[in-house]
Structure formats: C-alpha cells, structure tokens
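A.B. asks: For reference, the structure I am asking about is given below.
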Protein chains: 2
Amino acid sequence: MIDNIDAHIDENKDRFIGMLQEFLRIPSISTDPDKKSAMADTASWVQERFNECGLESQIIDTPGHPAVLADTGPVDGSKVTILVYGHYDVQPEGDLSLWKTAPFEPTVRNNILYARGSADDKGQVLTHILSALCWTKLAGKLPVRVKFLVEGEEEIGSPNLVGLIEQNREALACDYVVISDTAKLDADTPAITYGTKGMVYKEIILTGPTNDLHSGSFGGTIANPGNILAKIIAGLKDDNERVTIPGFYENVENIPEEEKASIHSLPFDEDKYLQGLGAPALTGEANFSTLERRWVRPTLDVNGVYGGYMAEGSSTIIPARVGAKISMRIVPDQDPNVVSKAFDDAVRAACPDTVRLEILNHANAAAYVCPIDSPGIKAGIKAVHAGFAKKPYLTREGGSLPILPMFRQILGAESIMLGFCDPNCNAHGPNEFFAISDFISGIKTAAHFLDEMSKGYPR
Amino acid sequence: MIDNIDAHIDENKDRFIGMLQEFLRIPSISTDPDKKSAMADTASWVQERFNECGLESQIIDTPGHPAVLADTGPVDGSKVTILVYGHYDVQPEGDLSLWKTAPFEPTVRNNILYARGSADDKGQVLTHILSALCWTKLAGKLPVRVKFLVEGEEEIGSPNLVGLIEQNREALACDYVVISDTAKLDADTPAITYGTKGMVYKEIILTGPTNDLHSGSFGGTIANPGNILAKIIAGLKDDNERVTIPGFYENVENIPEEEKASIHSLPFDEDKYLQGLGAPALTGEANFSTLERRWVRPTLDVNGVYGGYMAEGSSTIIPARVGAKISMRIVPDQDPNVVSKAFDDAVRAACPDTVRLEILNHANAAAYVCPIDSPGIKAGIKAVHAGFAKKPYLTREGGSLPILPMFRQILGAESIMLGFCDPNCNAHGPNEFFAISDFISGIKTAAHFLDEMSKGYPR
C-alpha cells in the first residue's frame with residue numbers, strides 16, 4: 001500500500017503544488033488586525049481539506065483566531081493515536097521591496113516555491129493533510145488514528161493554545177504529537193529535531209531624570225541611564241562568553257559523551273555556516289564547539305537596545321529613559337522560573353540607586369528534549385529515510401517551542417519534529433521558500449510515518 | 001547720559017515688549033525647510049531695526065540661511081570696537097500639546113513673556129539692538145564702535161559661520177565679542193559666564209551578521225553586537241565615574257584654589273537642583289562637587305543607543321547592527337583632536353574582531369575660558385550690576401559654544417557672555433519664556449556695557 005501511495009504522490013505532484021498555492025494565497029497574517037476575515041477564510045480552507053479526507057472536523061473559536069481540529073475517529077487495528085500539530089497563520093510580509101515576487105502570489109522559480117508561509121508553516125503542515133488525503137484515496141482510511149490541531153496564532157505566541165488544549169484534553173488525547181515546523185540540517189540533509197531550548201525573555205528599563213537633559217549643562221552631575229545600562233549588560237557575561245548570573249549554570253549537566261560524539265559526527269561545515277550569517281567570525285562560550293553552543297549550551301543575547309537620541313546625526317542629551325531586551329535560551333536542566341529570578345536578582349544587584357530600574361517579563365518557557373530511543377523517533381527516522389531517500393540526522397535546535405513541554409504536560413505525549421524545509425528558507429524574512437522536492441518528500445514522509453506507526457510502535 | 005538712557009528704557013518698556021513680540025511672531029525655525037521665507041522675513045526685520053538705529057547694515061546670503069551684519073562705523077573718541085553676536089533662528093516648537101499658548105503667539109502671563117525664541121536668542125539679542133536704539137535716540141550716536149553679527153543657523157550648528165567670518169574678517173574686526181545666549185545663575189541671580197566646555201561627539205556603530213538573526217537558532221555561535229556595544233561603553237568609565245580612555249585626563253589641570261573657592265561661594269542649592277532634574281540622586285566623578293563636575297571637569301555621556309528590536313513587546317533576534325551616540329565635554333586644557341583620537345583608539349582596542357566597527361564624528365569643538373581679569377569681564381560685571389541692581393556671579397557652563405574659540409582664533413577677540421534669562425527658561429522645550437524684568441534689565445545692561453567700554457577699557 002505505501003508503495004502505491006508514494007507513486008500516487010508523484011503522479012499528483014502538480015495538483016498538490018496547486019493546492020499549496022491556493023493555501024498560500026490567503027494572507028493569514030495573525031498580527032494584522034485587518035486580516036480577521038482572511039484568518040477565518042484560511043481556517044475554512046483547512047477544514048475543507050479535512051472534509052475531503054473524510055475526517056470529522058470543527059473550527060474552534062478563541063478570543064483571537066480560530067483553530068481547526070480534525071479526527072479520523074477510531075481506526076480498526078490502530079494501536080496508537082497521532083496528533084499532528086501545525087499552524088496556518090504566517091508572519092507579516094515585512095519590507096515588500098525586498099521580495100522578488102509578491103509574498104501572497106506563490107511563484108515557482110527553479111523548482112522552488114516562493115511565498116510567505118511556504119515553509120512556515122502552511123507548506124509543512126499541508127504535507128500531513130495531503131498524506132491523509134492519499135491514504136483515504138488509496139486505502140479508504142488512515143492506517144492509525146490521526147488527529148489534527150492547526151492553530152492560527154503561532155506567530156503571535158499561541159496565547160490561546162494552552163486553554164484550548166486543556167478544554168479539549170479528551171478530544172486531543174494521543175500517544176505522539178507530530179510537528180513539521182522545524183528545518184532540515186542543510187539543503188541536502190534531512191533531520192529530525194529531538195530537542196529545543198527554553199527561553200526567558202526580559203526587558204530592562206532604566207529611568208534617570210524626568211526629561212532628556214542637556215548633556216552639557218547637566219552632564220557629570222547625575223547618573224546617565226545609558227552608561228548604567230551598558231554596565232549592567234556588560235556584567236552579564238565574562239570574557240569567555242560565560243553568563244555570570246549566579247546560579248545560571250547550576251543544573252546544566254555536562255553533555256553526555258554519546259551525544260557529544262553524535263553532534264560531532266554531523267556533516268556541519270563551519271565555514272559555510274559562517275558565510276551564511278555574514279558575521280566576521282564565529283565565537284561563543286569557551287570550550288564548546290559551534291553546534292554545542294547552538295543546541296545544548298544556554299545563551300544570553302541582547303535582542304535590542306533603545307533610548308535617548310536614536311535618529312541620524314547628533315543631539316546632546318542625557319537620556320531620561322533607556323532600555324534593553326535580553327533573552328536567555330535555556331537547556332532542559334534549567335528551570336525557567338529559577339533563571340528568571342536569578343536574572344532579576346543579578347540585574348538589581350548591578351543597578352545603582354542613582355537610576356530607577358524596571359524589569360519586564362516577555363517570555364518564560366522550558367526547554368524540551370525527546371528521548372532519542374523513543375519509538376516515535378525510530379518511526380520518524382524510517383519515515384524520513386523513505387521520504388527523502390536519505391537517513392536523517394538527529395539534531396537539536398537553539399530555538400524554543402513552548403508548546404512541546406506543554407504537550408508533554410497536558411497530553412502526556414512526546415513530540416516528534418519532522419522538519420522538511422531548508423534551514424535558510426527565510427522563514428520570517430523576504431522571499432520565504434519551500435523547495436518543491438522537499439514538499440513532495442515531506443508528503444511521502446508523513447505517509448510513511450503513519451505506515452510505520454501502524455506496524456505497532458508502542459507509546 | 002547713561003541715567004537718561006536707563007529712564008528712557010523704563011519709559012519705553014511697553015513699546016520694547018511690543019517690538020520683541022513682533023520679532024517672536026515670525027516662525028524662524030532654521031531646521032524646517034518650509035520656513036525659508038520666514039527666515040528671510042526675520043533677517044529683514046532685524047535689518048530694519050539696524051536702519052532705525054542709523055547703522056549701516058547688510059544681509060549676507062549663505063548656502064543656508066542669511067546673516068545680518070551691521071556697523072556704527074568709526075565713532076569719535078571710541079577706543080574699542082565691540083562685536084555683538086547673536087542669532088535670530090529658533091528651535092522647532094516640538095510637541096504643540098505641551099505649550100500653554102502657541103509658540104509663535106507671544107503671550108505675557110505674570111510679567112513673563114512666553115514664546116519660542118523669547119530667551120534663545122531673539123529676546124536676548126534684541127536687548128543689544130534696543131540699547132543701540134536708545135543710545136542713538138538720546139545721544140545721537142553710540143559711545144563706542146559697535147558691530148552686529150546676527151546669524152540664522154545657530155540652532156543647526158552654524159555650518160556657514162566660520163566661512164562667513166573668515167570672508168568678512170576685516171568688517172568684523174573687533175576687540176571684544178559680546179554674546180547674550182547664556183543664562184543667569186538662577187532666577188534671582190545674574191551671572192557672567194566666563195567658560196564653556198568643548199565637545200567631542202562620536203557615534204559607534206557595530207555590525208555583526210548581515211541580517212538580524214533568530215536568537216535561538218544562531219545565539220551563542222556569533223558575537224552579539226548588542227552585548228559587545230555594552231562592553232565597550234561600560235569600559236569607558238570606571239566605578240568612580242572616571243573616564244578610562246588612556247590620556248583623557250593628561251592635560252586636565254587641577255582646579256586652581258581661587259576658582260575652587262569662587263565656585264564654592266556660589267549660592268547653589270543641590271537639593272533644589274536635583275529636584276529640578278527629577279533624578280533619584282546626584283552622582284559623578286569621585287572627589288569633586290556638583291558644580292565642579294558640571295563646569296570644570298570633563299565628562300562622558302551616552303546620548304542615545306539603538307539597535308535590534310526596539311518596539312514594544314519582544315522579538316527574538318540577534319541584532320545585525322547597533323549603535324551608540326557618545327559625547328565628551330572637554331575642558332580648556334584638553335585638545336579635542338587628541339581626545340577624539342584617544343577615544344577612537346580606546347574603542348578600537350576594546351572591540352573584538354568578531355564584529356565590524358565604525359566610528360562617526362559628529363562634533364569636535366574646543367573649550368573656552370575668558371581670563372577673569374580681562375577688562376571686558378570687568379566692564380561686564382559693572383554693566384550687569386547696573387542693569388540688574390545686583391552684582392553678578394562669575395560662572396562657567398557645561399555646554400559648548402564652538403564659536404567662542406573660533407572668534408578668538410579668527411578675530412583675536414575674547415568673548416564676554418552676558419546672560420539675561422532664567423536657566424530654567426525651557427530654551428529648547430515647550431513654554432520657553434523670558435521674564436519681562438530680565439528683558440528690561442538686559443537692555444540696561446547692554447547700554448551700560450557700552451558706557452563702561454567708552455571709559456577706555458583696553459583690549
């Protein structure tokens with residue numbers, strides 16, 4: 001049967017591309033209040049696809065944008081239940097002048113489909129829907145019970161997702177969550193991501209005088225919030241790029257030798273990586289490799305600084321108010337609440353009482369690691385191998401997916417991350433793309449994954 | 001004669017206020033390209049006043065806004081020539097909602113005239129023009145030769161002033177420059193400012209990756225320009241608020257005991273000063289008093305920082321580019337070129353090669369101090385004493401007036417700063433004001449200054 005499905009996917013390639021283009025044409029920008037109806041249209045479009053597959057589906061309204069739920073219902077002989085999670089909302093288009101073709105007019109050039117959302121996440125979530133369509137068409141039903149949860153608020157931080165999952169805990173009950181919202185290792189190398197970092201995101205705001213002051217008339221007599229801010233930020237890391245916040249590394253375990261070896265075995269080209277970023281050099285926490293720093297070591301980064309005179313030229317002021325956005329990416333052994341408090345304590349200790357300090361919390365999420373020996377991972381490896389005709393590497397990810405520890409906590413299910421797109425696909429930038437071959441291989445992988453699962457992988 | 005002039009000024013108070021209001025109604029905002037004709041109208045208005053005084057005058061066009069020159073010509077018995085410098089351009093009105101009455105509809109409330117430019121500098125420069133009018137009216141001529149240079153580009157950094165003075169070196173030749181563009185010590189205490197700080201204004205720009213990068217996917221593997229910027233700025237000052245740039249203090253002399261004593265004798269209320277600023281505390285370079293830090297010690301201040309995500313909320317990026325504007329106020333013994341190079345060297349040394357560094361120069365101006373025992377200062381003290389019925393304090397100023405060392409260099413003349421306005425007059429802010437009594441006392445002071453000068457003060 002799975003061979004027939006593979007053949008069917010190849011035969012229907014153009015039709016599937018056409019469906020993806022239809023999906024991509026609806027400008028489902030979740031941050032844009034003017035796109036309310038486009039969001040509803042997109043949810044309906046997704047529901048129609050589920051109808052085509054014969055799945056029971058419903059649109060669930062939230063205080064924000066609706067989510068689409070679907071379910072095959074019990075499947076004869078199915079021993080596992082899979083929940084496919086994805087999102088139909090996309091990032092704003094950004095600077096239109098940087099796009100070669102319009103972001104919502106999906107265009108194929110050299111076998112690559114360019115459009116906002118092509119990779120993140122419409123194209124990737126559609127592979128699973130099309131896999132369901134193929135199974136239904138050729139086998140009359142899916143080989144295991146499959147549920148879908150396609151939300152419309154991922155790009156705005158999924159504010160209503162926890163509530164929705166808690167309220168639909170029974171309907172969403174599953175053994176594994178499958179997510180295609182990550183990337184391959186590189187353009188030619190498929191990968192399964194088994195871990196993500198957590199995140200603690202802070203904003204430090206310092207205020208000094210009531211108004212911006214003339215730096216000549218008043219300079220030297222009061223603390224300059226800009227200078228103090230620099231001192232505080234500078235003190236958060238030492239010259240070895242180690243975070244100096246007391247207790248920050250307390251529960252950070254050494255990398256197991258096995259994982260270290262696995263990471264080192266990856267075909268990772270530092271020069272190519274650096275070239276892709278355009279920075280003058282690679283650097284980071286002393287005594288770790290680039291991939292270790294990226295995936296398994298906690299980091300601290302300034303995300304933005306602002307205050308005082310920021311336009312062109314000069315203005316001679318002491319800023320009344322300056323701020324910095326600072327995020328820490330944390331690893332599984334770090335508790336985000338502990339890191340959050342440690343950060344606040346360190347910043348408060350470093351801040352003199354000559355300025356006023358305010359600390360805002362923007363994000364607080366735990367890291368996630370799926371055990372490598374999980375049956376779900378094993379099924380995923382086989383499925384990707386079949387779909388991409390290449391064995392995938394097991395990788396981790398520096399980014400954060402707060403939904404993963406949340407799925408584990410509420411549904412008791414591990415998440416299997418099958419990423420089909422190129423890591424340089426400009427997910428949030430101009431000219432986002434999804435290679436046609438990756439799209440097709442993704443549909444096959446999704447189909448094979450269900451096939452593997454039907455062979456009786458235990459939970 | 002001078003007594004008659006004093007009386008005449010009192011008698012004509014209302015007429016003079018009316019003239020000032022007329023002057024203030026023309027919105028001569030030099031930064032605003034739409035105000036080209038208002039600028040020309042204002043220059044003509046100033047020239048008409050010189051015509052009334054019987055002075056020869058001319059409007060000199062520049063690549064920017066015109067300047068007005070005037071000259072009594074040789075005056076029988078005059079042994080000195082005075083050049084009055086001032087400016088007819090004003091700052092933009094800023095946030096109109098903060099003005100109690102419209103900025104260009106001069107309004108008197110409680111004997112205070114509110115309008116943009118009332119203090120800076122239309123009101124103050126007009127005192128000298130009105131003094132000339134009074135002398136002409138009552139004595140038929142001015143007691144010494146007086147020249148005027150009223151420019152229209154002070155608020156945009158006087159880009160064409162040096163060229164104009166160099167080209168009119170002969171026409172502007174003088175023994176003393178008189179400037180009324182500073183303030184009194186406080187609302188009740190007249191002052192003569194005998195020194196200003198110089199300024200070196202820099203902008204540091206750091207670039208890392210080509211584009212903003214996802215802080216999760218790439219954090220920890222390349223240098224974050226935001227963190228590096230903080231380290232560089234933090235390193236510019238130590239915990240005692242001393243600038244750490246090698247050689248920065250090299251030529252900074254200790255404050256002479258006499259000047260120290262003079263500064264300490266000033267009626268300066270630290271609590272009131274702090275209250276005015278609204279900062280939590282006063283602080284600054286260790287071992288110096290607030291007024292010493294303000295007037296005679298060099299300072300280094302962040303004027304602004306920018307880069308990465310600066311809007312509300314959060315965005316998880318490593319900024320491609322961050323920058324900081326940093327100005328140093330320097331004292332007479334520091335050479336701005338030496339300080340400029342020392343800053344660049346220190347920043348370059350502190351900047352790792354994991355980011356790209358660019359340093360912009362926004363200003364480079366020497367400090368200025370007029371010898372306290374200069375005859376011009378002595379004449380000024382007598383004139384202010386007569387005009388305000390109070391002996392003025394001798395003060396310095398933390399701000400910079402690059403024109404002062406320039407007048408000394410090109411014309412060989414020292415500058416006498418007779419400031420008539422309240423230091424809290426909101427010079428560049430909303431509700432700028434000039435007390436009527438200060439305006440009238442200013443006209444008297446200007447008249448007395450010429451009278452004193454006619455008594456044979458040597459150069």
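Simple scheme: letters A, B, ... for chains in structure tokens order, numbers from 1 for residues in each chain, numbers from 1 for ligands in the order shown.
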At a cut-off of 8 Å, using only C-alpha atoms, what residues contact stretch 405-412 of chain B? Leave out same-chain residues fewer than 4 positions from it and give the result as a ChimeraX atom specification.
C.D. replies: /B:162,165-166,169,172-175,177,366-368
A.B. asks: Write out as JSON, numbers by chain every residue belonging to chain B that has an atom at most 6 Å from any atom of chain A, counting only C-alpha atoms.
C.D. replies: {"B": [208, 209, 210, 216, 217, 220, 221, 222, 226, 227, 230, 231, 233, 234, 277, 278, 279, 280, 281, 282, 283, 284, 290, 293, 294, 299, 302, 303, 304, 305, 306, 307, 308, 309, 310, 317, 318, 354, 355, 398, 399]}
A.B. asks: Between A:Asp14, A:Asp32, A:Asp333, A:Glu48, single out the one closest to A:Gly94, counting only C-alpha atoms.
C.D. replies: A:Asp32
A.B. asks: Would you mind listing what lies within 9 Å of B:Ile263 as number ranges by chain, with only C-alpha atoms counted and same-chain residues fewer than 3 positions away left out?
C.D. replies: B: 258-260, 266, 291-292, 394-395
A.B. asks: Could you state the separation of atom CA of B:Gly123 and atom CA of B:Phe439 in Å, given to one decimal place?
C.D. replies: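 The value is 6.9 Å.
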A.B. asks: Could you check which of B:Glu452, B:Ala183, B:Cys425, B:Glu432 is closest to B:Lys378, using only C-alpha atoms?
C.D. replies: B:Glu452
A.B. asks: Report as a compact mmCIF listing (two decimals) with N, CA and C atoms, in the first residue's frame: the residues of stretch 108-307 of chain B with a DSSP assignment of alpha helix (DSSP H), based on the backbone of this structure.
C.D. replies:
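Result went into result-v6.txt, see below:
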```txt
# COMPACT_ATOMS: atom_id res chain seq x y z
N LYS B 122 16.21 85.38 20.44
CA LYS B 122 15.67 86.65 19.94
C LYS B 122 15.58 87.70 21.04
N GLY B 123 15.02 87.31 22.19
CA GLY B 123 14.86 88.26 23.29
C GLY B 123 16.19 88.81 23.76
N GLN B 124 17.17 87.93 23.86
CA GLN B 124 18.46 88.36 24.39
C GLN B 124 19.24 89.21 23.39
N VAL B 125 19.20 88.83 22.10
CA VAL B 125 19.97 89.63 21.14
C VAL B 125 19.30 90.99 20.94
N LEU B 126 17.96 91.00 21.10
CA LEU B 126 17.24 92.28 20.91
C LEU B 126 17.63 93.31 21.98
N THR B 127 18.03 92.85 23.16
CA THR B 127 18.44 93.82 24.21
C THR B 127 19.56 94.71 23.68
N HIS B 128 20.49 94.11 22.93
CA HIS B 128 21.62 94.89 22.43
C HIS B 128 21.20 95.84 21.31
N ILE B 129 20.26 95.37 20.47
CA ILE B 129 19.77 96.24 19.39
C ILE B 129 19.01 97.43 19.99
N LEU B 130 18.20 97.15 21.04
CA LEU B 130 17.44 98.22 21.68
C LEU B 130 18.36 99.18 22.42
N SER B 131 19.44 98.66 22.98
CA SER B 131 20.42 99.54 23.63
C SER B 131 21.00 100.51 22.58
N ALA B 132 21.31 99.97 21.39
CA ALA B 132 21.83 100.83 20.33
C ALA B 132 20.81 101.89 19.94
N LEU B 133 19.51 101.45 19.89
CA LEU B 133 18.44 102.39 19.54
C LEU B 133 18.35 103.52 20.57
N CYS B 134 18.46 103.14 21.84
CA CYS B 134 18.39 104.14 22.91
C CYS B 134 19.56 105.12 22.84
N TRP B 135 20.75 104.59 22.68
CA TRP B 135 21.92 105.45 22.57
C TRP B 135 21.76 106.42 21.40
N THR B 136 21.30 105.90 20.25
CA THR B 136 21.14 106.75 19.07
C THR B 136 20.11 107.83 19.33
N LYS B 137 19.01 107.42 19.93
CA LYS B 137 17.90 108.33 20.21
C LYS B 137 18.32 109.45 21.16
N LEU B 138 19.01 109.06 22.25
CA LEU B 138 19.30 110.05 23.28
C LEU B 138 20.65 110.74 23.12
N ALA B 139 21.65 110.02 22.55
CA ALA B 139 22.98 110.63 22.46
C ALA B 139 23.34 110.95 21.02
N LEU B 161 29.10 79.64 9.45
CA LEU B 161 29.57 80.79 10.21
C LEU B 161 31.07 81.02 10.06
N VAL B 162 31.84 79.94 10.15
CA VAL B 162 33.29 80.10 10.06
C VAL B 162 33.66 80.73 8.72
N GLY B 163 33.07 80.21 7.64
CA GLY B 163 33.35 80.75 6.31
C GLY B 163 32.97 82.22 6.23
N LEU B 164 31.81 82.56 6.79
CA LEU B 164 31.32 83.93 6.74
C LEU B 164 32.27 84.87 7.50
N ILE B 165 32.73 84.43 8.65
CA ILE B 165 33.61 85.29 9.45
C ILE B 165 34.97 85.43 8.78
N GLU B 166 35.44 84.30 8.22
CA GLU B 166 36.73 84.39 7.53
C GLU B 166 36.65 85.34 6.33
N GLN B 167 35.53 85.28 5.62
CA GLN B 167 35.38 86.14 4.44
C GLN B 167 35.14 87.60 4.82
N SER B 215 17.57 34.55 17.43
CA SER B 215 18.48 34.40 18.57
C SER B 215 18.52 32.98 19.10
N GLY B 216 17.51 32.19 18.77
CA GLY B 216 17.52 30.79 19.18
C GLY B 216 18.38 29.97 18.26
N SER B 217 18.13 30.08 16.97
CA SER B 217 18.84 29.25 16.00
C SER B 217 20.33 29.58 15.94
N PHE B 218 20.69 30.83 16.20
CA PHE B 218 22.08 31.23 16.00
C PHE B 218 22.76 31.77 17.25
N PRO B 225 26.34 41.99 18.56
CA PRO B 225 26.79 43.39 18.59
C PRO B 225 26.24 44.17 19.77
N GLY B 226 25.05 43.80 20.24
CA GLY B 226 24.46 44.50 21.40
C GLY B 226 25.25 44.25 22.67
N ASN B 227 25.66 43.00 22.87
CA ASN B 227 26.46 42.71 24.06
C ASN B 227 27.84 43.36 23.98
N ILE B 228 28.43 43.33 22.76
CA ILE B 228 29.76 43.93 22.58
C ILE B 228 29.69 45.44 22.82
N LEU B 229 28.64 46.06 22.29
CA LEU B 229 28.49 47.52 22.47
C LEU B 229 28.45 47.86 23.95
N ALA B 230 27.70 47.07 24.71
CA ALA B 230 27.60 47.32 26.16
C ALA B 230 28.98 47.22 26.80
N LYS B 231 29.74 46.21 26.41
CA LYS B 231 31.09 46.04 26.99
C LYS B 231 31.96 47.25 26.67
N ILE B 232 31.88 47.72 25.42
CA ILE B 232 32.72 48.85 25.02
C ILE B 232 32.34 50.10 25.82
N ILE B 233 31.03 50.38 25.89
CA ILE B 233 30.60 51.58 26.62
C ILE B 233 30.94 51.46 28.10
N ALA B 234 30.68 50.28 28.67
CA ALA B 234 30.93 50.08 30.10
C ALA B 234 32.41 50.32 30.41
N GLU B 257 42.99 76.86 43.31
CA GLU B 257 42.32 77.05 44.61
C GLU B 257 41.37 78.23 44.59
N GLU B 258 41.78 79.29 43.90
CA GLU B 258 40.98 80.51 43.84
C GLU B 258 39.63 80.24 43.17
N GLU B 259 39.71 79.49 42.04
CA GLU B 259 38.49 79.20 41.30
C GLU B 259 37.59 78.25 42.10
N LYS B 260 38.25 77.26 42.75
CA LYS B 260 37.52 76.32 43.61
C LYS B 260 36.72 77.10 44.66
N ALA B 261 37.43 78.05 45.29
CA ALA B 261 36.79 78.85 46.33
C ALA B 261 35.64 79.66 45.75
N SER B 262 35.88 80.23 44.57
CA SER B 262 34.85 81.04 43.91
C SER B 262 33.61 80.20 43.61
N ILE B 263 33.84 78.99 43.11
CA ILE B 263 32.71 78.10 42.78
C ILE B 263 31.94 77.74 44.05
N HIS B 264 32.72 77.47 45.12
CA HIS B 264 32.07 77.06 46.37
C HIS B 264 31.29 78.19 47.02
N GLU B 270 21.93 72.26 46.11
CA GLU B 270 21.96 70.93 45.50
C GLU B 270 20.59 70.26 45.49
N ASP B 271 19.86 70.39 46.59
CA ASP B 271 18.55 69.74 46.69
C ASP B 271 17.60 70.28 45.64
N LYS B 272 17.62 71.62 45.51
CA LYS B 272 16.75 72.27 44.54
C LYS B 272 17.14 71.85 43.13
N TYR B 273 18.43 71.78 42.91
CA TYR B 273 18.96 71.38 41.59
C TYR B 273 18.48 69.96 41.25
N LEU B 274 18.65 69.04 42.21
CA LEU B 274 18.24 67.65 41.99
C LEU B 274 16.74 67.55 41.73
N GLN B 275 16.00 68.30 42.54
CA GLN B 275 14.54 68.31 42.39
C GLN B 275 14.14 68.74 40.99
N GLY B 276 14.85 69.73 40.47
CA GLY B 276 14.55 70.23 39.13
C GLY B 276 14.77 69.17 38.06
N LEU B 277 15.75 68.29 38.30
CA LEU B 277 16.07 67.28 37.30
C LEU B 277 15.18 66.05 37.41
N THR B 290 29.33 68.98 42.84
CA THR B 290 28.41 69.01 41.70
C THR B 290 28.77 70.11 40.71
N LEU B 291 29.04 71.31 41.21
CA LEU B 291 29.34 72.41 40.29
C LEU B 291 30.68 72.22 39.61
N GLU B 292 31.63 71.62 40.33
CA GLU B 292 32.93 71.33 39.68
C GLU B 292 32.74 70.33 38.54
N ARG B 293 31.95 69.28 38.82
CA ARG B 293 31.69 68.28 37.77
C ARG B 293 31.00 68.92 36.58
N ARG B 294 30.13 69.86 36.89
CA ARG B 294 29.32 70.47 35.85
C ARG B 294 30.12 71.42 34.98
N TRP B 295 31.03 72.16 35.60
CA TRP B 295 31.67 73.25 34.87
C TRP B 295 33.13 73.01 34.50
```
